[in-house]
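Participant: Can you read through this structure? Questions will come right after.
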Amino acid sequence: MNLKAIIVDDESHSRETLKNLVEEFCEDVNVLAAVSSVQEALTAIRQLKPDVVFLDIELQTGTGFDILDRLEVIDFEVIFTTAFEQYAIRAVKFSSLDYLLKPIDLEELQKAVEKARKIKDQAVYNQQLEVLLFNLKQKQPSLNKICLSTAEGFEFISVDEILYCKAEGSYTSFKLKNNNNFLVSKHLKEYETLLIDQQFMRVHNSFLINLKEVKKYIKSDGGYILMNNDEPVSISRNKKEVFIEAMQRIAK
């Protein structure tokens, strides 16, 4: 399948470098335009109707998210590009969308292009973009919705609905307030990084819990945590003090 692409980046060197990489190393991808501003991007996307847009997050005239927010229809895939690990990238990760860090790694670029080529359900993809834009409109650092990629598809859930996450080998199991469970093929460490600013804490090698859903701490039997659904959760000995301090801060 041939792909029509547009590059949006306000640095001429970055535009040219990415254009050369795409045209030389990404098979059957034709770069239709490389533009530098929000308005140029909107015009190019509406007129050229690309299959994929390489979208720089920070532009001198706004952000890549401004472009998505102003489009009437998004019927293309987006690969975000940025020079920085930042709040916006956390929002992209929450939505299970692709991004590339500059300087762009060739292998990561090829993987992202192939993934864009294989996207089949545009409606689900648009939901991912909606989750991204919804989160970005919230007050930082709050990210209210997360997209979980499961074996069956994508689940879009509110962060507040998560009771805890449990390590299952190289997978992570999500337990929700409504007792639903979702198994995701990512390590618990990745979700610890994403959720640590959302009042979640890694209290054990196997458990990442929502501190707002803690019912009580039981000292007996070596100590354990009881969640609001009355499920016990293990806590490591070296995590007890910092856990209690965190719960005291929440209670204030």
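Ligands are numbered from 1 in the order shown, chains are lettered A, B, ... in the order of the structure tokens, and residues start at 1 in each chain.
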Excluding same-chain residues fewer than 2 positions from segment 249-251 of chain A, what lies within 10 Å of it counting only C-alpha atoms, as a list of chain:residue names?

Facilitator: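 The neighbour list is A:Gln199, A:Leu211, A:Lys212, A:Phe243, A:Ile244, A:Glu245, A:Ala246, A:Met247.
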
Participant: Store the residues of this selection in a file with C-alpha atoms, as a PDB file, in the first residue's frame.

Facilitator:
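So the final result, stored in selection_35.pdb, reads:
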ATOM      1  CA  GLN A 199      -1.661   9.706  42.650  1.00  0.00           C
ATOM      2  CA  LEU A 211      -3.931   5.838  46.317  1.00  0.00           C
ATOM      3  CA  LYS A 212      -7.407   7.409  46.157  1.00  0.00           C
ATOM      4  CA  PHE A 243       3.139   4.902  51.392  1.00  0.00           C
ATOM      5  CA  ILE A 244       1.899   6.115  54.787  1.00  0.00           C
ATOM      6  CA  GLU A 245       3.341   9.571  54.126  1.00  0.00           C
ATOM      7  CA  ALA A 246       1.584   9.705  50.757  1.00  0.00           C
ATOM      8  CA  MET A 247      -1.744   8.680  52.296  1.00  0.00           C
TER       9      MET A 247
END

Participant: Leaving out Glu58 of chain A and any residue of its chain fewer than 2 positions from it, which residues lie within 12 Å of it when counting only C-alpha atoms, given as a VMD selection string?

Facilitator: chain A and resid 8 to 11 36 to 38 55 to 56 60 to 67 80 to 89

Participant: Restricting the calculation to only C-alpha atoms, which member of A:Ser96, A:Val22, A:Ala112, A:Lys102 is positioned closest to Asn126 of chain A?

Facilitator: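 Looking only at the distances to Asn126 of chain A, the closest residue turns out to be A:Ser96.
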
Participant: For Thr172 of chain A, work out the shell of residues within 6 Å, counting only C-alpha atoms and skipping chain neighbours fewer than 3 positions away, then give it as a PyMOL selection string.

Facilitator: chain A and resi 166-168+183-184+186-188

Participant: Where does DSSP see helix (DSSP H, G or I) in segment 90-139 of chain A, if you list the residues as a ChimeraX atom specification?

Facilitator: /A:90-94,106-118,122-136

Participant: Output N, CA, C and O atoms of each residue in that selection to a file, as a short mmCIF file (atom, residue, chain, number, x, y, z; two decimals), in the first residue's frame.

Facilitator:
data_model
loop_
_atom_site.label_atom_id
_atom_site.label_comp_id
_atom_site.auth_asym_id
_atom_site.auth_seq_id
_atom_site.Cartn_x
_atom_site.Cartn_y
_atom_site.Cartn_z
N ARG A 90 3.61 12.49 27.44
CA ARG A 90 2.85 11.64 28.36
C ARG A 90 1.42 11.50 27.87
O ARG A 90 0.82 10.42 27.94
N ALA A 91 0.84 12.58 27.38
CA ALA A 91 -0.53 12.54 26.87
C ALA A 91 -0.61 11.64 25.64
O ALA A 91 -1.58 10.90 25.47
N VAL A 92 0.40 11.70 24.79
CA VAL A 92 0.44 10.84 23.60
C VAL A 92 0.50 9.37 24.03
O VAL A 92 -0.20 8.51 23.49
N LYS A 93 1.34 9.07 25.02
CA LYS A 93 1.46 7.69 25.52
C LYS A 93 0.14 7.22 26.13
O LYS A 93 -0.25 6.06 25.97
N PHE A 94 -0.56 8.10 26.86
CA PHE A 94 -1.85 7.75 27.44
C PHE A 94 -2.83 7.31 26.36
O PHE A 94 -3.74 6.53 26.61
N LEU A 106 16.22 5.66 12.71
CA LEU A 106 15.71 5.10 11.46
C LEU A 106 14.81 3.89 11.69
O LEU A 106 13.74 3.77 11.09
N GLU A 107 15.22 3.00 12.59
CA GLU A 107 14.42 1.81 12.86
C GLU A 107 13.07 2.17 13.46
O GLU A 107 12.03 1.60 13.07
N GLU A 108 13.05 3.13 14.39
CA GLU A 108 11.79 3.56 14.99
C GLU A 108 10.89 4.22 13.94
O GLU A 108 9.66 4.05 13.95
N LEU A 109 11.49 4.98 13.03
CA LEU A 109 10.74 5.60 11.95
C LEU A 109 10.07 4.54 11.07
O LEU A 109 8.87 4.63 10.77
N GLN A 110 10.81 3.53 10.69
CA GLN A 110 10.26 2.48 9.84
C GLN A 110 9.15 1.72 10.54
O GLN A 110 8.13 1.38 9.92
N LYS A 111 9.32 1.46 11.83
CA LYS A 111 8.27 0.77 12.60
C LYS A 111 7.00 1.60 12.64
O LYS A 111 5.88 1.08 12.49
N ALA A 112 7.14 2.91 12.88
CA ALA A 112 5.98 3.79 12.97
C ALA A 112 5.23 3.86 11.64
O ALA A 112 4.00 3.86 11.59
N VAL A 113 5.99 3.91 10.54
CA VAL A 113 5.37 3.97 9.21
C VAL A 113 4.62 2.67 8.92
O VAL A 113 3.48 2.70 8.41
N GLU A 114 5.22 1.54 9.24
CA GLU A 114 4.56 0.26 9.00
C GLU A 114 3.30 0.12 9.84
O GLU A 114 2.29 -0.44 9.40
N LYS A 115 3.36 0.62 11.07
CA LYS A 115 2.17 0.58 11.92
C LYS A 115 1.05 1.43 11.34
O LYS A 115 -0.11 1.03 11.32
N ALA A 116 1.42 2.62 10.84
CA ALA A 116 0.42 3.50 10.20
C ALA A 116 -0.17 2.83 8.97
O ALA A 116 -1.37 2.96 8.69
N ARG A 117 0.65 2.10 8.23
CA ARG A 117 0.18 1.43 7.02
C ARG A 117 -0.85 0.35 7.33
O ARG A 117 -1.73 0.05 6.52
N LYS A 118 -0.76 -0.23 8.54
CA LYS A 118 -1.62 -1.37 8.88
C LYS A 118 -2.86 -0.98 9.68
O LYS A 118 -3.68 -1.84 10.01
N GLN A 122 -10.41 3.17 11.41
CA GLN A 122 -10.24 4.62 11.56
C GLN A 122 -11.07 5.16 12.71
O GLN A 122 -10.68 6.11 13.38
N ALA A 123 -12.23 4.56 12.98
CA ALA A 123 -13.09 5.04 14.06
C ALA A 123 -12.41 4.88 15.41
O ALA A 123 -12.45 5.79 16.25
N VAL A 124 -11.78 3.72 15.62
CA VAL A 124 -11.05 3.49 16.87
C VAL A 124 -9.87 4.44 16.97
O VAL A 124 -9.58 5.01 18.03
N TYR A 125 -9.16 4.61 15.86
CA TYR A 125 -8.00 5.51 15.84
C TYR A 125 -8.44 6.93 16.20
O TYR A 125 -7.76 7.64 16.95
N ASN A 126 -9.57 7.36 15.68
CA ASN A 126 -10.07 8.69 16.01
C ASN A 126 -10.42 8.81 17.49
O ASN A 126 -10.28 9.89 18.08
N GLN A 127 -10.87 7.72 18.09
CA GLN A 127 -11.12 7.74 19.53
C GLN A 127 -9.82 7.96 20.30
O GLN A 127 -9.80 8.67 21.30
N GLN A 128 -8.73 7.35 19.82
CA GLN A 128 -7.43 7.57 20.45
C GLN A 128 -7.04 9.05 20.38
O GLN A 128 -6.55 9.62 21.36
N LEU A 129 -7.26 9.65 19.22
CA LEU A 129 -6.97 11.07 19.07
C LEU A 129 -7.87 11.92 19.96
O LEU A 129 -7.43 12.93 20.54
N GLU A 130 -9.13 11.52 20.10
CA GLU A 130 -10.05 12.25 20.97
C GLU A 130 -9.60 12.19 22.43
O GLU A 130 -9.68 13.18 23.16
N VAL A 131 -9.12 11.01 22.86
CA VAL A 131 -8.58 10.88 24.22
C VAL A 131 -7.40 11.82 24.41
O VAL A 131 -7.27 12.49 25.43
N LEU A 132 -6.53 11.86 23.40
CA LEU A 132 -5.37 12.75 23.47
C LEU A 132 -5.79 14.21 23.62
O LEU A 132 -5.32 14.91 24.53
N LEU A 133 -6.67 14.68 22.75
CA LEU A 133 -7.08 16.08 22.79
C LEU A 133 -7.87 16.40 24.06
O LEU A 133 -7.74 17.49 24.62
N PHE A 134 -8.66 15.45 24.53
CA PHE A 134 -9.40 15.65 25.78
C PHE A 134 -8.43 15.85 26.94
O PHE A 134 -8.58 16.76 27.75
N ASN A 135 -7.42 14.98 27.03
CA ASN A 135 -6.45 15.08 28.13
C ASN A 135 -5.67 16.39 28.07
O ASN A 135 -5.38 17.00 29.11
N LEU A 136 -5.33 16.82 26.87
CA LEU A 136 -4.53 18.04 26.74
C LEU A 136 -5.31 19.28 27.15
O LEU A 136 -4.72 20.31 27.49
#

Participant: From the options A:Asp121, A:Glu72, A:Glu241, A:Glu27, which residue's atoms come nearest to Val203 of chain A, counting only C-alpha atoms?

Facilitator: A:Glu241

Participant: Quick one: residues within 12 Å of Gly222 of chain A, only C-alpha atoms counted, chain neighbours fewer than 3 positions away excluded, as a list in words?

Facilitator: Tyr217, Ile218, Lys219, Ile225, Val233, Ser234, Ile235, Ser236, Arg237 and Lys240 of chain A

Participant: Keeping only C-alpha atoms, write the selected residues as an mmCIF file, in the first residue's frame.

Facilitator:
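Saved the output as selection_12.cif:
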data_model
loop_
_atom_site.group_PDB
_atom_site.id
_atom_site.type_symbol
_atom_site.label_atom_id
_atom_site.label_comp_id
_atom_site.auth_asym_id
_atom_site.auth_seq_id
_atom_site.Cartn_x
_atom_site.Cartn_y
_atom_site.Cartn_z
ATOM 1 C CA TYR A 217 -3.607 -0.281 55.843
ATOM 2 C CA ILE A 218 -3.463 -3.444 57.940
ATOM 3 C CA LYS A 219 -0.385 -3.871 60.155
ATOM 4 C CA ILE A 225 -3.193 -2.714 51.929
ATOM 5 C CA VAL A 233 -2.647 -5.823 48.038
ATOM 6 C CA SER A 234 0.904 -6.669 49.101
ATOM 7 C CA ILE A 235 3.265 -3.893 50.146
ATOM 8 C CA SER A 236 7.049 -4.151 50.257
ATOM 9 C CA ARG A 237 8.736 -3.490 53.577
ATOM 10 C CA LYS A 240 5.590 1.228 53.938
#

Participant: When you look at Ile162 of chain A with a cut-off of 8 Å (counting only C-alpha atoms), what residues show up, excluding the ones that are within fewer than 4 positions of it in the same chain? I need them as a ChimeraX atom specification.

Facilitator: /A:158,174-177,210

Participant: Please dump the current selection as an mmCIF file, in the first residue's frame; keep N, CA, C and O atoms.

Facilitator:
data_model
loop_
_atom_site.group_PDB
_atom_site.id
_atom_site.type_symbol
_atom_site.label_atom_id
_atom_site.label_comp_id
_atom_site.auth_asym_id
_atom_site.auth_seq_id
_atom_site.Cartn_x
_atom_site.Cartn_y
_atom_site.Cartn_z
ATOM 1 N N SER A 158 -11.416 5.887 32.150
ATOM 2 C CA SER A 158 -11.013 6.997 33.014
ATOM 3 C C SER A 158 -9.965 6.501 33.997
ATOM 4 O O SER A 158 -10.097 5.410 34.556
ATOM 5 N N PHE A 174 -5.010 -4.730 34.543
ATOM 6 C CA PHE A 174 -5.695 -3.579 35.126
ATOM 7 C C PHE A 174 -6.978 -4.047 35.815
ATOM 8 O O PHE A 174 -7.809 -4.707 35.192
ATOM 9 N N LYS A 175 -7.140 -3.709 37.078
ATOM 10 C CA LYS A 175 -8.378 -4.016 37.802
ATOM 11 C C LYS A 175 -9.143 -2.710 37.998
ATOM 12 O O LYS A 175 -8.617 -1.745 38.550
ATOM 13 N N LEU A 176 -10.404 -2.683 37.543
ATOM 14 C CA LEU A 176 -11.217 -1.478 37.622
ATOM 15 C C LEU A 176 -12.232 -1.566 38.756
ATOM 16 O O LEU A 176 -12.503 -2.627 39.300
ATOM 17 N N LYS A 177 -12.830 -0.416 39.078
ATOM 18 C CA LYS A 177 -13.825 -0.345 40.149
ATOM 19 C C LYS A 177 -15.017 -1.252 39.873
ATOM 20 O O LYS A 177 -15.628 -1.793 40.797
ATOM 21 N N ASN A 210 -3.908 2.794 42.930
ATOM 22 C CA ASN A 210 -4.524 4.109 42.966
ATOM 23 C C ASN A 210 -4.689 4.506 44.433
ATOM 24 O O ASN A 210 -5.508 3.929 45.153
#

Participant: To one decimal in Å, tell me the separation between atom CA of Cys26 of chain A and atom CA of Asp75 of chain A.

Facilitator: 21.0 Å

Participant: If you count only C-alpha atoms, which residues fall within 9 Å of Asn229 of chain A, apart from same-chain ones fewer than 6 positions away, as number ranges by chain?

Facilitator: A: 163, 177, 179, 213-215

Participant: Could you please take those selected residues and save N, CA, C and O atoms as a PDB file, in the first residue's frame?

Facilitator:
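part-v5.pdb, written as the output of this step:
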ATOM      1  N   LEU A 163      -8.437   0.653  39.947  1.00  0.00           N
ATOM      2  CA  LEU A 163      -8.124   0.337  41.337  1.00  0.00           C
ATOM      3  C   LEU A 163      -6.629   0.086  41.501  1.00  0.00           C
ATOM      4  O   LEU A 163      -5.974   0.681  42.345  1.00  0.00           O
ATOM      5  N   LYS A 177     -12.830  -0.416  39.078  1.00  0.00           N
ATOM      6  CA  LYS A 177     -13.825  -0.345  40.149  1.00  0.00           C
ATOM      7  C   LYS A 177     -15.017  -1.252  39.873  1.00  0.00           C
ATOM      8  O   LYS A 177     -15.628  -1.793  40.797  1.00  0.00           O
ATOM      9  N   ASN A 179     -14.990  -4.063  38.633  1.00  0.00           N
ATOM     10  CA  ASN A 179     -14.487  -5.442  38.657  1.00  0.00           C
ATOM     11  C   ASN A 179     -14.045  -5.971  37.294  1.00  0.00           C
ATOM     12  O   ASN A 179     -13.683  -7.149  37.181  1.00  0.00           O
ATOM     13  N   GLU A 213      -8.014   5.040  46.037  1.00  0.00           N
ATOM     14  CA  GLU A 213      -8.898   3.885  46.207  1.00  0.00           C
ATOM     15  C   GLU A 213      -8.450   2.963  47.342  1.00  0.00           C
ATOM     16  O   GLU A 213      -8.869   1.816  47.408  1.00  0.00           O
ATOM     17  N   VAL A 214      -7.613   3.483  48.244  1.00  0.00           N
ATOM     18  CA  VAL A 214      -7.161   2.704  49.400  1.00  0.00           C
ATOM     19  C   VAL A 214      -8.181   2.824  50.525  1.00  0.00           C
ATOM     20  O   VAL A 214      -8.581   3.928  50.904  1.00  0.00           O
ATOM     21  N   LYS A 215      -8.597   1.692  51.064  1.00  0.00           N
ATOM     22  CA  LYS A 215      -9.557   1.680  52.167  1.00  0.00           C
ATOM     23  C   LYS A 215      -8.850   1.744  53.521  1.00  0.00           C
ATOM     24  O   LYS A 215      -9.211   2.532  54.394  1.00  0.00           O
TER      25      LYS A 215
END

Participant: Could you check the closest approach to Tyr191 of chain A for each of A:Tyr99, A:Tyr171, A:Tyr224, A:Phe25 and tell me which residue wins, using only C-alpha atoms?

Facilitator: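 For Tyr191 of chain A, the nearest of the candidates is A:Tyr171.
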
Participant: What's the separation between atom CA of Lys239 of chain A and atom CA of Glu161 of chain A, in Å to one decimal place?

Facilitator: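 For atom CA of Lys239 of chain A relative to atom CA of Glu161 of chain A, the distance reads 23.7 Å.
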
Participant: May I ask for the distance between atom CA of Asn20 of chain A and atom CA of Leu42 of chain A, given in Å to one decimal place?

Facilitator: 22.5 Å
